[in-house]
Structures are given as C-alpha cells and as structure tokens.
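To start, the structure under review is shown below, and the notes come after it.
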Amino acid sequence: MDQTRKLSIVVYSDDSSVRKAIVGALGKRVAGDLQEHVVHEFATGPALRQFVDRKSVDGNFKADIFILDGEAVPEGGMGVARQLKDEVFNCPPILLITGRPQDAWLAAWSRAEASVSHPVDPFTLANTVADLLRSSTIANV
C-alpha cells in the first residue's frame, strides 16, 4: 500500500447525524498501521453516483471503501451497494450500516463485505473498516 497516499473513504447517508457519527468514529486514522484518510460525504444517491461516475471517467477513481447507510431514504444503502458492485470495476469493499443486527442477511444480499448496526458504535465501526481496508489491500497487492 502506498503510505504517502491518503485513504479515500466514501460515506453515504441522508441523515447528517449518521454521517457525523461515522466521521467521528473514523477519526483521522482508523488504525495505527493504516495511513490517514479523507472522507467524502454524500446525502443523496444521485450525488454519490455523480462522484463515482466522474472519478471513473477520468481514470482516477480510487475509493478504498464505501460506508453506506442501509436506512437512508428515499434510496437505501442496500440498493446502492448492489448497484456499485454491479457497475464499478473492481469495486472496493462496502460496509453497510443496518437498522438492526438481524438485518445482516440483507447486507449480504446487497453484496456488502461487512455490516454493523445502528446506533453506530465507534470502536466496532473503526475496527470493521480497518479490517476491510487491510483485507482489500492484501487482495490488491
């Protein structure tokens, strides 16, 4: 992994308090062995897709992970996750935030690599993100 490049984390939720909780949980660095990151926040599905499309067209698309709110409205993160997996070449890992732990099967249906449930626990979220980043880095080396 290029230690000079900041990791790119994409966060999608229509709820600003959820986005704030996610960004707060991530801090500047999710783990000591990973580099710092930059967070791109999106409140709507169309804004997220425009970002992905723009970055894909110029050939510089490099998100390291997507964190999507499965409870977002009107467009839930589960549908967005499935669309990203279908349309983004070598799609980075997706972490889905579900309404309750029992909804993990829906996250699996959406093809997300992991899920955590609301309310966002900062330690669980940071550890899960770090694990996904590490495993995707190993797979891409």
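For the structure tokens, the naming scheme is as follows: chains receive sequential letters (A, B, ...) according to their order of presentation, residues are indexed from 1 within each chain, and ligands are indexed from 1 in presentation order.
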Neighbours of Ile94 (chain A) within 12 Å (only C-alpha atoms; same-chain residues fewer than 4 positions away dropped), as a PDB file with N, CA and C atoms, in the first residue's frame?
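The resulting file, result.pdb, is shown below:
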ATOM      1  N   ILE A   9     -12.319   7.344   1.858  1.00  0.00           N
ATOM      2  CA  ILE A   9     -13.492   6.698   2.418  1.00  0.00           C
ATOM      3  C   ILE A   9     -14.724   7.467   1.964  1.00  0.00           C
ATOM      4  N   VAL A  10     -15.672   6.757   1.361  1.00  0.00           N
ATOM      5  CA  VAL A  10     -16.903   7.366   0.871  1.00  0.00           C
ATOM      6  C   VAL A  10     -18.034   6.992   1.829  1.00  0.00           C
ATOM      7  N   VAL A  11     -18.735   8.005   2.333  1.00  0.00           N
ATOM      8  CA  VAL A  11     -19.823   7.814   3.287  1.00  0.00           C
ATOM      9  C   VAL A  11     -21.119   8.318   2.673  1.00  0.00           C
ATOM     10  N   TYR A  12     -22.163   7.472   2.726  1.00  0.00           N
ATOM     11  CA  TYR A  12     -23.469   7.847   2.194  1.00  0.00           C
ATOM     12  C   TYR A  12     -24.550   7.655   3.251  1.00  0.00           C
ATOM     13  N   ALA A  63     -11.574   4.966  -4.566  1.00  0.00           N
ATOM     14  CA  ALA A  63     -12.123   4.918  -3.216  1.00  0.00           C
ATOM     15  C   ALA A  63     -11.604   3.623  -2.617  1.00  0.00           C
ATOM     16  N   ASP A  64     -11.277   3.667  -1.359  1.00  0.00           N
ATOM     17  CA  ASP A  64     -10.768   2.461  -0.712  1.00  0.00           C
ATOM     18  C   ASP A  64     -11.868   1.678  -0.016  1.00  0.00           C
ATOM     19  N   ILE A  65     -12.952   2.369   0.327  1.00  0.00           N
ATOM     20  CA  ILE A  65     -14.086   1.711   0.975  1.00  0.00           C
ATOM     21  C   ILE A  65     -15.307   2.611   0.875  1.00  0.00           C
ATOM     22  N   PHE A  66     -16.471   1.978   0.763  1.00  0.00           N
ATOM     23  CA  PHE A  66     -17.755   2.677   0.833  1.00  0.00           C
ATOM     24  C   PHE A  66     -18.416   2.305   2.149  1.00  0.00           C
ATOM     25  N   ILE A  67     -18.937   3.301   2.861  1.00  0.00           N
ATOM     26  CA  ILE A  67     -19.746   3.064   4.056  1.00  0.00           C
ATOM     27  C   ILE A  67     -21.130   3.622   3.743  1.00  0.00           C
ATOM     28  N   LEU A  68     -22.118   2.739   3.676  1.00  0.00           N
ATOM     29  CA  LEU A  68     -23.450   3.117   3.222  1.00  0.00           C
ATOM     30  C   LEU A  68     -24.486   2.854   4.306  1.00  0.00           C
ATOM     31  N   ASP A  69     -25.376   3.810   4.492  1.00  0.00           N
ATOM     32  CA  ASP A  69     -26.453   3.696   5.470  1.00  0.00           C
ATOM     33  C   ASP A  69     -27.624   2.942   4.838  1.00  0.00           C
ATOM     34  N   GLY A  70     -27.881   1.743   5.320  1.00  0.00           N
ATOM     35  CA  GLY A  70     -28.979   0.943   4.804  1.00  0.00           C
ATOM     36  C   GLY A  70     -30.345   1.553   5.091  1.00  0.00           C
ATOM     37  N   GLY A  77     -29.106   2.330   1.353  1.00  0.00           N
ATOM     38  CA  GLY A  77     -27.742   1.926   1.071  1.00  0.00           C
ATOM     39  C   GLY A  77     -27.614   0.521   0.520  1.00  0.00           C
ATOM     40  N   MET A  78     -28.589  -0.338   0.793  1.00  0.00           N
ATOM     41  CA  MET A  78     -28.501  -1.715   0.289  1.00  0.00           C
ATOM     42  C   MET A  78     -28.626  -1.759  -1.226  1.00  0.00           C
ATOM     43  N   GLY A  79     -29.579  -1.009  -1.751  1.00  0.00           N
ATOM     44  CA  GLY A  79     -29.729  -0.937  -3.209  1.00  0.00           C
ATOM     45  C   GLY A  79     -28.543  -0.261  -3.855  1.00  0.00           C
ATOM     46  N   VAL A  80     -28.032   0.790  -3.199  1.00  0.00           N
ATOM     47  CA  VAL A  80     -26.852   1.490  -3.709  1.00  0.00           C
ATOM     48  C   VAL A  80     -25.654   0.544  -3.728  1.00  0.00           C
ATOM     49  N   ALA A  81     -25.512  -0.254  -2.677  1.00  0.00           N
ATOM     50  CA  ALA A  81     -24.397  -1.202  -2.600  1.00  0.00           C
ATOM     51  C   ALA A  81     -24.442  -2.187  -3.762  1.00  0.00           C
ATOM     52  N   ARG A  82     -25.616  -2.739  -4.004  1.00  0.00           N
ATOM     53  CA  ARG A  82     -25.750  -3.702  -5.100  1.00  0.00           C
ATOM     54  C   ARG A  82     -25.430  -3.067  -6.443  1.00  0.00           C
ATOM     55  N   GLN A  83     -25.887  -1.832  -6.624  1.00  0.00           N
ATOM     56  CA  GLN A  83     -25.608  -1.123  -7.880  1.00  0.00           C
ATOM     57  C   GLN A  83     -24.106  -0.874  -8.033  1.00  0.00           C
ATOM     58  N   LEU A  84     -23.443  -0.458  -6.956  1.00  0.00           N
ATOM     59  CA  LEU A  84     -21.997  -0.225  -7.025  1.00  0.00           C
ATOM     60  C   LEU A  84     -21.262  -1.518  -7.386  1.00  0.00           C
ATOM     61  N   LYS A  85     -21.643  -2.626  -6.764  1.00  0.00           N
ATOM     62  CA  LYS A  85     -20.983  -3.897  -7.042  1.00  0.00           C
ATOM     63  C   LYS A  85     -21.192  -4.326  -8.494  1.00  0.00           C
ATOM     64  N   VAL A  88     -19.257  -0.812 -10.764  1.00  0.00           N
ATOM     65  CA  VAL A  88     -17.906  -0.279 -10.558  1.00  0.00           C
ATOM     66  C   VAL A  88     -16.902  -1.419 -10.714  1.00  0.00           C
ATOM     67  N   ASN A  90     -13.813  -3.561 -10.226  1.00  0.00           N
ATOM     68  CA  ASN A  90     -13.003  -3.758  -9.018  1.00  0.00           C
ATOM     69  C   ASN A  90     -13.514  -2.900  -7.859  1.00  0.00           C
ATOM     70  N   ALA A 107     -27.657  -7.189   4.207  1.00  0.00           N
ATOM     71  CA  ALA A 107     -26.356  -6.650   3.801  1.00  0.00           C
ATOM     72  C   ALA A 107     -25.634  -7.657   2.913  1.00  0.00           C
ATOM     73  N   ALA A 108     -25.736  -8.933   3.265  1.00  0.00           N
ATOM     74  CA  ALA A 108     -25.113  -9.972   2.436  1.00  0.00           C
ATOM     75  C   ALA A 108     -25.780 -10.016   1.059  1.00  0.00           C
ATOM     76  N   SER A 110     -27.000  -7.555  -0.495  1.00  0.00           N
ATOM     77  CA  SER A 110     -26.550  -6.370  -1.229  1.00  0.00           C
ATOM     78  C   SER A 110     -25.108  -6.498  -1.704  1.00  0.00           C
ATOM     79  N   ARG A 111     -24.457  -7.605  -1.317  1.00  0.00           N
ATOM     80  CA  ARG A 111     -23.073  -7.914  -1.677  1.00  0.00           C
ATOM     81  C   ARG A 111     -22.048  -7.075  -0.907  1.00  0.00           C
ATOM     82  N   ALA A 112     -22.476  -6.526   0.224  1.00  0.00           N
ATOM     83  CA  ALA A 112     -21.546  -5.809   1.101  1.00  0.00           C
ATOM     84  C   ALA A 112     -20.638  -6.816   1.787  1.00  0.00           C
ATOM     85  N   GLU A 113     -19.398  -6.445   1.979  1.00  0.00           N
ATOM     86  CA  GLU A 113     -18.436  -7.339   2.634  1.00  0.00           C
ATOM     87  C   GLU A 113     -18.647  -7.426   4.144  1.00  0.00           C
ATOM     88  N   ALA A 114     -19.267  -6.385   4.730  1.00  0.00           N
ATOM     89  CA  ALA A 114     -19.477  -6.378   6.182  1.00  0.00           C
ATOM     90  C   ALA A 114     -20.650  -5.472   6.518  1.00  0.00           C
ATOM     91  N   SER A 115     -21.140  -5.634   7.740  1.00  0.00           N
ATOM     92  CA  SER A 115     -22.199  -4.750   8.213  1.00  0.00           C
ATOM     93  C   SER A 115     -22.043  -4.513   9.705  1.00  0.00           C
ATOM     94  N   VAL A 116     -22.511  -3.371  10.131  1.00  0.00           N
ATOM     95  CA  VAL A 116     -22.666  -3.035  11.548  1.00  0.00           C
ATOM     96  C   VAL A 116     -24.065  -2.445  11.668  1.00  0.00           C
ATOM     97  N   THR A 128     -14.004  -2.553  12.113  1.00  0.00           N
ATOM     98  CA  THR A 128     -14.514  -3.216  10.909  1.00  0.00           C
ATOM     99  C   THR A 128     -13.943  -2.567   9.654  1.00  0.00           C
ATOM    100  N   VAL A 129     -13.899  -1.246   9.644  1.00  0.00           N
ATOM    101  CA  VAL A 129     -13.322  -0.528   8.500  1.00  0.00           C
ATOM    102  C   VAL A 129     -11.845  -0.888   8.354  1.00  0.00           C
ATOM    103  N   ASP A 131     -10.293  -3.608   9.309  1.00  0.00           N
ATOM    104  CA  ASP A 131     -10.181  -4.986   8.812  1.00  0.00           C
ATOM    105  C   ASP A 131     -10.463  -5.060   7.314  1.00  0.00           C
ATOM    106  N   LEU A 132     -11.497  -4.346   6.853  1.00  0.00           N
ATOM    107  CA  LEU A 132     -11.821  -4.352   5.424  1.00  0.00           C
ATOM    108  C   LEU A 132     -10.709  -3.718   4.605  1.00  0.00           C
ATOM    109  N   LEU A 133     -10.149  -2.626   5.097  1.00  0.00           N
ATOM    110  CA  LEU A 133      -9.059  -1.968   4.379  1.00  0.00           C
ATOM    111  C   LEU A 133      -7.834  -2.870   4.299  1.00  0.00           C
ATOM    112  N   SER A 136      -8.590  -5.777   1.810  1.00  0.00           N
ATOM    113  CA  SER A 136      -8.632  -5.354   0.405  1.00  0.00           C
ATOM    114  C   SER A 136      -7.238  -4.973  -0.075  1.00  0.00           C
TER     115      SER A 136
END
Inset, instruction - Could you pull out the residues in region 2-131 of chain A that DSSP calls strand (DSSP E or B) from the backbone, as number ranges by chain? - result: A: 7-12, 37-42, 65-69, 94-98, 114-117
Please produce an output containing C-alpha atoms for each residue in the selection, written as a compact mmCIF listing (two decimals), in the first residue's frame.
# COMPACT_ATOMS: atom_id res chain seq x y z
CA LEU A 7 -7.04 6.50 2.05
CA SER A 8 -10.33 7.54 0.48
CA ILE A 9 -13.49 6.70 2.42
CA VAL A 10 -16.90 7.37 0.87
CA VAL A 11 -19.82 7.81 3.29
CA TYR A 12 -23.47 7.85 2.19
CA HIS A 37 -7.77 9.12 5.28
CA VAL A 38 -10.01 11.65 3.61
CA VAL A 39 -13.79 11.25 3.86
CA HIS A 40 -16.17 12.09 1.02
CA GLU A 41 -19.70 12.57 2.39
CA PHE A 42 -22.90 12.22 0.35
CA ILE A 65 -14.09 1.71 0.98
CA PHE A 66 -17.76 2.68 0.83
CA ILE A 67 -19.75 3.06 4.06
CA LEU A 68 -23.45 3.12 3.22
CA ASP A 69 -26.45 3.70 5.47
CA ILE A 94 -18.63 -1.95 1.15
CA LEU A 95 -19.63 -1.67 4.78
CA LEU A 96 -23.38 -1.41 5.27
CA ILE A 97 -24.96 0.11 8.35
CA THR A 98 -28.19 -1.77 9.03
CA ALA A 114 -19.48 -6.38 6.18
CA SER A 115 -22.20 -4.75 8.21
CA VAL A 116 -22.67 -3.03 11.55
CA SER A 117 -25.96 -1.89 13.02
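Straight-line separation from CA of Arg5 (chain A) to CA of Asp33 (chain A): 13.8 Å.
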Legend entry - DSSP helix (DSSP H, G or I) residues within chain A, as a PyMOL selection string: chain A and resi 16-26+45-57+77-87+101-109+122-140
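Interatomic distance, CA of Ala72 (chain A) against CA of Phe51 (chain A): 17.8 Å.
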Inset, instruction - Tell me which of A:Ser17, A:Thr44, A:Gln35, A:Ser135 sits closest to Gly76 (chain A), counting only C-alpha atoms. - result: A:Thr44
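The space between CA of Leu34 (chain A) and CA of Arg134 (chain A) spans 8.1 Å.
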